[in-house]
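This is run.tsv (TSV, N, CA and C atoms).
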```
chain	number	residue	atom	x	y	z
A	29	MET	N	-48.49	98.03	-24.93
A	29	MET	CA	-47.77	97.16	-24.02
A	29	MET	C	-48.36	97.32	-22.63
A	30	GLY	N	-48.57	96.22	-21.95
A	30	GLY	CA	-49.10	96.25	-20.60
A	30	GLY	C	-48.05	96.65	-19.59
A	31	GLN	N	-48.54	97.06	-18.45
A	31	GLN	CA	-47.67	97.46	-17.35
A	31	GLN	C	-46.96	96.24	-16.76
A	32	ILE	N	-45.71	96.37	-16.40
A	32	ILE	CA	-44.96	95.29	-15.76
A	32	ILE	C	-45.30	95.33	-14.28
A	33	ASP	N	-45.72	94.21	-13.75
A	33	ASP	CA	-46.21	94.13	-12.37
A	33	ASP	C	-45.09	93.74	-11.40
A	34	THR	N	-44.89	94.56	-10.39
A	34	THR	CA	-43.92	94.26	-9.34
A	34	THR	C	-44.60	94.12	-7.98
A	35	SER	N	-45.92	94.03	-7.97
A	35	SER	CA	-46.66	94.06	-6.71
A	35	SER	C	-46.36	92.88	-5.79
A	36	ASP	N	-45.89	91.77	-6.34
A	36	ASP	CA	-45.60	90.62	-5.49
A	36	ASP	C	-44.15	90.59	-5.00
A	37	LEU	N	-43.37	91.61	-5.34
A	37	LEU	CA	-42.00	91.72	-4.85
A	37	LEU	C	-41.99	92.39	-3.48
A	38	PRO	N	-40.97	92.13	-2.67
A	38	PRO	CA	-40.83	92.88	-1.43
A	38	PRO	C	-40.80	94.38	-1.74
A	39	PRO	N	-41.41	95.21	-0.90
A	39	PRO	CA	-41.48	96.65	-1.16
A	39	PRO	C	-40.12	97.30	-1.46
A	40	VAL	N	-39.08	96.91	-0.76
A	40	VAL	CA	-37.77	97.53	-0.99
A	40	VAL	C	-37.29	97.24	-2.41
A	41	LEU	N	-37.53	96.05	-2.92
A	41	LEU	CA	-37.11	95.73	-4.28
A	41	LEU	C	-37.96	96.45	-5.31
A	42	SER	N	-39.24	96.56	-5.06
A	42	SER	CA	-40.12	97.31	-5.96
A	42	SER	C	-39.69	98.76	-6.06
A	43	LYS	N	-39.33	99.35	-4.93
A	43	LYS	CA	-38.90	100.76	-4.93
A	43	LYS	C	-37.58	100.94	-5.67
A	44	LEU	N	-36.69	99.98	-5.55
A	44	LEU	CA	-35.41	100.08	-6.26
A	44	LEU	C	-35.59	99.91	-7.76
A	45	LEU	N	-36.55	99.10	-8.17
A	45	LEU	CA	-36.79	98.87	-9.59
A	45	LEU	C	-37.64	99.95	-10.26
A	46	ALA	N	-38.45	100.64	-9.49
A	46	ALA	CA	-39.42	101.60	-10.06
A	46	ALA	C	-38.79	102.62	-11.01
A	47	PRO	N	-37.70	103.28	-10.64
A	47	PRO	CA	-37.12	104.27	-11.57
A	47	PRO	C	-36.62	103.63	-12.87
A	48	TRP	N	-36.06	102.44	-12.77
A	48	TRP	CA	-35.56	101.74	-13.94
A	48	TRP	C	-36.71	101.39	-14.89
A	49	LEU	N	-37.77	100.85	-14.31
A	49	LEU	CA	-38.95	100.53	-15.11
A	49	LEU	C	-39.53	101.76	-15.78
A	50	GLU	N	-39.64	102.85	-15.03
A	50	GLU	CA	-40.18	104.09	-15.58
A	50	GLU	C	-39.30	104.62	-16.72
A	51	ALA	N	-37.99	104.52	-16.54
A	51	ALA	CA	-37.07	104.97	-17.59
A	51	ALA	C	-37.25	104.17	-18.87
A	52	ILE	N	-37.43	102.87	-18.75
A	52	ILE	CA	-37.64	102.03	-19.93
A	52	ILE	C	-38.96	102.40	-20.60
A	53	GLU	N	-39.99	102.58	-19.79
A	53	GLU	CA	-41.33	102.82	-20.33
A	53	GLU	C	-41.52	104.22	-20.93
A	54	THR	N	-40.92	105.24	-20.33
A	54	THR	CA	-41.28	106.61	-20.70
A	54	THR	C	-40.17	107.40	-21.38
A	55	SER	N	-39.00	106.83	-21.53
A	55	SER	CA	-37.89	107.57	-22.12
A	55	SER	C	-38.19	107.94	-23.57
A	56	GLU	N	-37.62	109.07	-23.96
A	56	GLU	CA	-37.82	109.58	-25.31
A	56	GLU	C	-36.48	109.95	-25.92
A	57	ILE	N	-36.51	110.35	-27.17
A	57	ILE	CA	-35.31	110.71	-27.91
A	57	ILE	C	-34.49	111.73	-27.11
A	58	GLY	N	-33.17	111.50	-27.04
A	58	GLY	CA	-32.27	112.40	-26.35
A	58	GLY	C	-32.11	112.12	-24.86
A	59	MET	N	-32.78	111.10	-24.35
A	59	MET	CA	-32.73	110.80	-22.91
A	59	MET	C	-31.79	109.63	-22.58
A	60	GLY	N	-30.93	109.25	-23.50
A	60	GLY	CA	-30.06	108.10	-23.30
A	60	GLY	C	-29.21	108.17	-22.05
A	61	ASP	N	-28.57	109.31	-21.82
A	61	ASP	CA	-27.73	109.44	-20.62
A	61	ASP	C	-28.54	109.28	-19.35
A	62	HIS	N	-29.72	109.83	-19.34
A	62	HIS	CA	-30.62	109.72	-18.19
A	62	HIS	C	-31.01	108.26	-17.94
A	63	VAL	N	-31.37	107.56	-18.99
A	63	VAL	CA	-31.76	106.15	-18.89
A	63	VAL	C	-30.59	105.31	-18.37
A	64	THR	N	-29.41	105.55	-18.91
A	64	THR	CA	-28.22	104.82	-18.48
A	64	THR	C	-27.93	105.06	-17.00
A	65	ALA	N	-28.01	106.31	-16.56
A	65	ALA	CA	-27.74	106.65	-15.17
A	65	ALA	C	-28.74	105.99	-14.22
A	66	ILE	N	-30.00	106.01	-14.58
A	66	ILE	CA	-31.03	105.40	-13.74
A	66	ILE	C	-30.83	103.90	-13.66
A	67	ALA	N	-30.57	103.26	-14.80
A	67	ALA	CA	-30.35	101.81	-14.81
A	67	ALA	C	-29.14	101.45	-13.96
A	68	ALA	N	-28.07	102.22	-14.08
A	68	ALA	CA	-26.86	101.95	-13.30
A	68	ALA	C	-27.13	102.08	-11.81
A	69	HIS	N	-27.86	103.09	-11.42
A	69	HIS	CA	-28.16	103.30	-10.01
A	69	HIS	C	-29.03	102.16	-9.46
A	70	SER	N	-30.08	101.80	-10.18
A	70	SER	CA	-30.95	100.71	-9.73
A	70	SER	C	-30.18	99.39	-9.68
A	71	PHE	N	-29.37	99.14	-10.68
A	71	PHE	CA	-28.56	97.93	-10.76
A	71	PHE	C	-27.66	97.81	-9.53
A	72	MET	N	-26.92	98.88	-9.23
A	72	MET	CA	-26.01	98.85	-8.08
A	72	MET	C	-26.77	98.75	-6.76
A	73	SER	N	-27.89	99.42	-6.66
A	73	SER	CA	-28.69	99.35	-5.45
A	73	SER	C	-29.18	97.93	-5.20
A	74	LEU	N	-29.61	97.26	-6.25
A	74	LEU	CA	-30.04	95.87	-6.11
A	74	LEU	C	-28.88	94.97	-5.69
A	75	LEU	N	-27.72	95.19	-6.28
A	75	LEU	CA	-26.55	94.39	-5.92
A	75	LEU	C	-26.21	94.53	-4.43
A	76	HIS	N	-26.48	95.70	-3.87
A	76	HIS	CA	-26.17	95.94	-2.46
A	76	HIS	C	-27.23	95.42	-1.51
A	77	ARG	N	-28.34	94.92	-2.00
A	77	ARG	CA	-29.45	94.50	-1.14
A	77	ARG	C	-29.76	93.01	-1.17
A	78	ILE	N	-29.28	92.29	-2.18
A	78	ILE	CA	-29.69	90.89	-2.33
A	78	ILE	C	-28.51	89.94	-2.34
A	79	GLU	N	-28.79	88.69	-1.98
A	79	GLU	CA	-27.82	87.62	-2.15
A	79	GLU	C	-27.82	87.26	-3.63
A	80	MET	N	-26.68	87.34	-4.24
A	80	MET	CA	-26.60	87.12	-5.67
A	80	MET	C	-26.55	85.63	-5.98
A	81	THR	N	-27.33	85.24	-6.97
A	81	THR	CA	-27.30	83.88	-7.52
A	81	THR	C	-26.90	84.01	-8.99
A	82	PRO	N	-26.43	82.93	-9.59
A	82	PRO	CA	-26.06	83.02	-11.00
A	82	PRO	C	-27.22	83.47	-11.90
A	83	MET	N	-28.42	82.96	-11.66
A	83	MET	CA	-29.56	83.35	-12.48
A	83	MET	C	-29.90	84.83	-12.31
A	84	LEU	N	-29.86	85.30	-11.09
A	84	LEU	CA	-30.15	86.70	-10.81
A	84	LEU	C	-29.09	87.61	-11.41
A	85	GLU	N	-27.84	87.22	-11.26
A	85	GLU	CA	-26.76	88.01	-11.83
A	85	GLU	C	-26.88	88.10	-13.36
A	86	ARG	N	-27.17	86.96	-13.99
A	86	ARG	CA	-27.31	86.94	-15.45
A	86	ARG	C	-28.47	87.82	-15.91
A	87	SER	N	-29.59	87.74	-15.20
A	87	SER	CA	-30.74	88.55	-15.60
A	87	SER	C	-30.46	90.04	-15.41
A	88	LEU	N	-29.77	90.40	-14.35
A	88	LEU	CA	-29.42	91.81	-14.13
A	88	LEU	C	-28.46	92.32	-15.22
A	89	VAL	N	-27.47	91.52	-15.55
A	89	VAL	CA	-26.52	91.92	-16.59
A	89	VAL	C	-27.23	92.05	-17.94
A	90	ASP	N	-28.12	91.11	-18.24
A	90	ASP	CA	-28.87	91.18	-19.50
A	90	ASP	C	-29.77	92.42	-19.55
A	91	ALA	N	-30.41	92.73	-18.43
A	91	ALA	CA	-31.28	93.91	-18.37
A	91	ALA	C	-30.48	95.20	-18.53
A	92	ARG	N	-29.30	95.25	-17.92
A	92	ARG	CA	-28.45	96.44	-18.11
A	92	ARG	C	-28.05	96.58	-19.57
A	93	ALA	N	-27.67	95.48	-20.20
A	93	ALA	CA	-27.26	95.53	-21.61
A	93	ALA	C	-28.42	95.98	-22.50
A	94	ALA	N	-29.61	95.45	-22.26
A	94	ALA	CA	-30.78	95.83	-23.06
A	94	ALA	C	-31.14	97.30	-22.83
A	95	THR	N	-31.01	97.75	-21.59
A	95	THR	CA	-31.30	99.15	-21.28
A	95	THR	C	-30.26	100.07	-21.89
A	96	ASP	N	-29.01	99.66	-21.86
A	96	ASP	CA	-27.95	100.46	-22.48
A	96	ASP	C	-28.15	100.55	-24.00
A	97	THR	N	-28.64	99.48	-24.61
A	97	THR	CA	-28.95	99.50	-26.04
A	97	THR	C	-30.08	100.49	-26.31
A	98	LEU	N	-31.11	100.45	-25.47
A	98	LEU	CA	-32.21	101.41	-25.60
A	98	LEU	C	-31.67	102.83	-25.48
A	99	ALA	N	-30.82	103.06	-24.49
A	99	ALA	CA	-30.25	104.40	-24.28
A	99	ALA	C	-29.46	104.86	-25.50
A	100	ALA	N	-28.68	103.97	-26.08
A	100	ALA	CA	-27.90	104.33	-27.27
A	100	ALA	C	-28.81	104.71	-28.43
A	101	VAL	N	-29.87	103.95	-28.60
A	101	VAL	CA	-30.82	104.24	-29.68
A	101	VAL	C	-31.50	105.58	-29.43
A	102	LEU	N	-31.83	105.87	-28.18
A	102	LEU	CA	-32.47	107.14	-27.85
A	102	LEU	C	-31.58	108.32	-28.20
A	103	ASP	N	-30.28	108.16	-28.06
A	103	ASP	CA	-29.36	109.26	-28.32
A	103	ASP	C	-28.95	109.39	-29.78
A	104	TYR	N	-29.01	108.29	-30.55
A	104	TYR	CA	-28.44	108.33	-31.89
A	104	TYR	C	-29.43	108.11	-33.03
A	105	LYS	N	-30.67	107.88	-32.71
A	105	LYS	CA	-31.69	107.66	-33.76
A	105	LYS	C	-32.77	108.73	-33.64
A	106	ARG	N	-33.52	108.90	-34.68
A	106	ARG	CA	-34.63	109.85	-34.66
A	106	ARG	C	-35.92	109.20	-34.18
A	107	ALA	N	-35.91	107.87	-34.08
A	107	ALA	CA	-37.08	107.14	-33.60
A	107	ALA	C	-36.59	105.90	-32.86
A	108	VAL	N	-37.36	105.45	-31.90
A	108	VAL	CA	-36.99	104.26	-31.13
A	108	VAL	C	-37.77	103.07	-31.69
A	109	PRO	N	-37.06	102.11	-32.29
A	109	PRO	CA	-37.77	100.93	-32.78
A	109	PRO	C	-38.45	100.20	-31.62
A	110	LEU	N	-39.67	99.80	-31.83
A	110	LEU	CA	-40.44	99.12	-30.80
A	110	LEU	C	-39.71	97.89	-30.29
A	111	ARG	N	-38.99	97.21	-31.15
A	111	ARG	CA	-38.29	95.99	-30.73
A	111	ARG	C	-37.22	96.27	-29.69
A	112	VAL	N	-36.60	97.44	-29.74
A	112	VAL	CA	-35.56	97.78	-28.76
A	112	VAL	C	-36.18	98.00	-27.38
A	113	ARG	N	-37.29	98.74	-27.35
A	113	ARG	CA	-37.97	98.95	-26.07
A	113	ARG	C	-38.54	97.63	-25.54
A	114	ARG	N	-39.08	96.82	-26.44
A	114	ARG	CA	-39.61	95.51	-26.02
A	114	ARG	C	-38.51	94.63	-25.45
A	115	ALA	N	-37.33	94.66	-26.04
A	115	ALA	CA	-36.21	93.87	-25.53
A	115	ALA	C	-35.83	94.31	-24.12
A	116	ALA	N	-35.82	95.61	-23.88
A	116	ALA	CA	-35.52	96.13	-22.54
A	116	ALA	C	-36.61	95.72	-21.56
A	117	ARG	N	-37.87	95.80	-21.98
A	117	ARG	CA	-38.99	95.39	-21.12
A	117	ARG	C	-38.90	93.90	-20.80
A	118	HIS	N	-38.59	93.10	-21.80
A	118	HIS	CA	-38.48	91.65	-21.60
A	118	HIS	C	-37.34	91.34	-20.61
A	119	ALA	N	-36.24	92.03	-20.76
A	119	ALA	CA	-35.09	91.79	-19.88
A	119	ALA	C	-35.39	92.20	-18.44
A	120	ILE	N	-36.07	93.32	-18.25
A	120	ILE	CA	-36.39	93.74	-16.88
A	120	ILE	C	-37.45	92.82	-16.28
A	121	ALA	N	-38.33	92.28	-17.11
A	121	ALA	CA	-39.32	91.31	-16.63
A	121	ALA	C	-38.61	90.04	-16.14
A	122	ALA	N	-37.53	89.64	-16.80
A	122	ALA	CA	-36.75	88.49	-16.34
A	122	ALA	C	-36.09	88.77	-14.99
A	123	VAL	N	-35.65	90.01	-14.79
A	123	VAL	CA	-35.09	90.40	-13.49
A	123	VAL	C	-36.17	90.27	-12.41
A	124	ILE	N	-37.34	90.76	-12.71
A	124	ILE	CA	-38.44	90.70	-11.73
A	124	ILE	C	-38.76	89.25	-11.39
A	125	GLU	N	-38.78	88.40	-12.39
A	125	GLU	CA	-39.04	86.98	-12.16
A	125	GLU	C	-37.96	86.38	-11.25
A	126	ALA	N	-36.71	86.70	-11.51
A	126	ALA	CA	-35.61	86.19	-10.69
A	126	ALA	C	-35.66	86.76	-9.28
A	127	LEU	N	-36.09	88.01	-9.14
A	127	LEU	CA	-36.15	88.64	-7.82
A	127	LEU	C	-37.23	88.02	-6.92
A	128	ARG	N	-38.18	87.33	-7.51
A	128	ARG	CA	-39.23	86.69	-6.70
A	128	ARG	C	-38.63	85.64	-5.76
A	129	ASP	N	-37.49	85.09	-6.14
A	129	ASP	CA	-36.82	84.09	-5.31
A	129	ASP	C	-35.61	84.65	-4.57
A	130	ALA	N	-35.39	85.96	-4.67
A	130	ALA	CA	-34.21	86.58	-4.06
A	130	ALA	C	-34.34	86.61	-2.54
A	131	THR	N	-33.18	86.58	-1.91
A	131	THR	CA	-33.13	86.73	-0.45
A	131	THR	C	-32.28	87.94	-0.11
A	132	PRO	N	-32.61	88.61	0.99
A	132	PRO	CA	-31.81	89.78	1.38
A	132	PRO	C	-30.42	89.36	1.84
A	133	ASN	N	-29.44	90.21	1.59
A	133	ASN	CA	-28.10	89.92	2.09
A	133	ASN	C	-27.99	90.38	3.54
A	134	ALA	N	-26.84	90.14	4.16
A	134	ALA	CA	-26.65	90.44	5.57
A	134	ALA	C	-26.81	91.94	5.88
A	135	VAL	N	-26.29	92.79	5.03
A	135	VAL	CA	-26.40	94.24	5.25
A	135	VAL	C	-27.86	94.66	5.23
A	136	THR	N	-28.61	94.16	4.28
A	136	THR	CA	-30.03	94.49	4.17
A	136	THR	C	-30.78	94.05	5.42
A	137	LYS	N	-30.46	92.87	5.91
A	137	LYS	CA	-31.09	92.37	7.13
A	137	LYS	C	-30.73	93.26	8.32
A	138	GLU	N	-29.45	93.64	8.43
A	138	GLU	CA	-29.00	94.50	9.54
A	138	GLU	C	-29.73	95.84	9.53
A	139	LEU	N	-30.02	96.35	8.34
A	139	LEU	CA	-30.70	97.62	8.23
A	139	LEU	C	-32.21	97.51	8.47
A	140	GLY	N	-32.69	96.28	8.63
A	140	GLY	CA	-34.11	96.05	8.85
A	140	GLY	C	-34.93	96.15	7.58
A	141	LEU	N	-34.27	95.99	6.44
A	141	LEU	CA	-34.96	96.09	5.16
A	141	LEU	C	-35.26	94.72	4.56
A	142	GLY	N	-34.98	93.67	5.30
A	142	GLY	CA	-35.21	92.31	4.79
A	142	GLY	C	-36.68	92.02	4.61
A	143	TRP	N	-36.97	90.95	3.95
A	143	TRP	CA	-38.35	90.60	3.69
A	143	TRP	C	-38.66	89.20	4.14
```

Here is the file; what I need is its structure written in the form of structure tokens.
Amino acid sequence: MGQIDTSDLPPVLSKLLAPWLEAIETSEIGMGDHVTAIAAHSFMSLLHRIEMTPMLERSLVDARAATDTLAAVLDYKRAVPLRVRRAARHAIAAVIEALRDATPNAVTKELGLGW
């Protein structure tokens, strides 16, 4: 599987997504709680930085669900089916696509983190 590219996103969004992407890509058996915690943190951080649109909200919710499924499989199976990891990768790629059109919210702008 190729690397998911975030280079065209604003730096603040790339930094917020990086741990989530790494968790999807490198997680192994028994790391479900870790994956869930990282996804939750990145998810909430993104919610606090961007103006939410229906498409962006849907993609974030779908990515959380796919990541939570991956986490459950990591904790309860002896092997991770490739399709589960691919589903999580596909969902996070949809988030990245939606974030290309995202705008910073007022708090983000006030903090000087806007793009």

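With distances taken over only N, CA and C atoms, A:Val40 is the one residue among A:Val40, A:Ser35, A:Arg86, A:Arg111 lying closest to Gly142 (chain A).
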
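Residues lying within 12 Å of region 132-137 of chain A, counting only C-alpha atoms and ignoring same-chain neighbours fewer than 2 positions away, are Pro38, Val40, Leu41, Ser73, Leu74, Leu75, His76, Arg77, Ile78, Glu79, Met80, Thr81, Leu127, Arg128, Asp129, Ala130, Leu139, Gly140, Leu141, Gly142 and Trp143 of chain A.
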
Practice prompt. Could you give me, as a PyMOL selection string, the residues within 8 Å of Val101 (chain A), counting all atoms listed in the file and dropping anything in the same chain fewer than 6 positions from it?
Written response: chain A and resi 56-60+95+107-109

Worksheet entry | Straight-line distance linking atom N of Asp96 (chain A) with CA of Ala68 (chain A), stated in Å to one decimal | 9.1 Å

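Going from atom N of Leu37 (chain A) to atom C of Ile124 (chain A) covers 8.0 Å.
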
Practice prompt. Using only C-alpha atoms, find the one residue out of A:His62, A:Arg117, A:Arg106, A:Lys43 that sits nearest to Ala93 (chain A).
Written response: A:Arg117

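Of the residues under consideration (A:Leu102, A:Leu84, A:Ala91, A:Ile32), A:Ala91 shows the shortest atom-to-atom contact distance to Ala115 (chain A) when counting only N, CA and C atoms.
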
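Candidate residues A:Tyr104, A:Thr64, A:Asp90, A:Phe71 were compared for distance to Leu45 (chain A), and the nearest is A:Phe71, using only N, CA and C atoms.
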
Worksheet item: Can you list, as a VMD selection string, every protein, DNA or RNA residue that comes within 8 Å of Glu53 (chain A) when you count only N, CA and C atoms, leaving out same-chain residues fewer than 4 positions away?
Response: chain A and resid 47 to 49 113 116 to 117

Worksheet item: In Å, with one decimal, what is the gap from atom C of Val63 (chain A) to atom N of Ala46 (chain A)?
Response: 12.7 Å
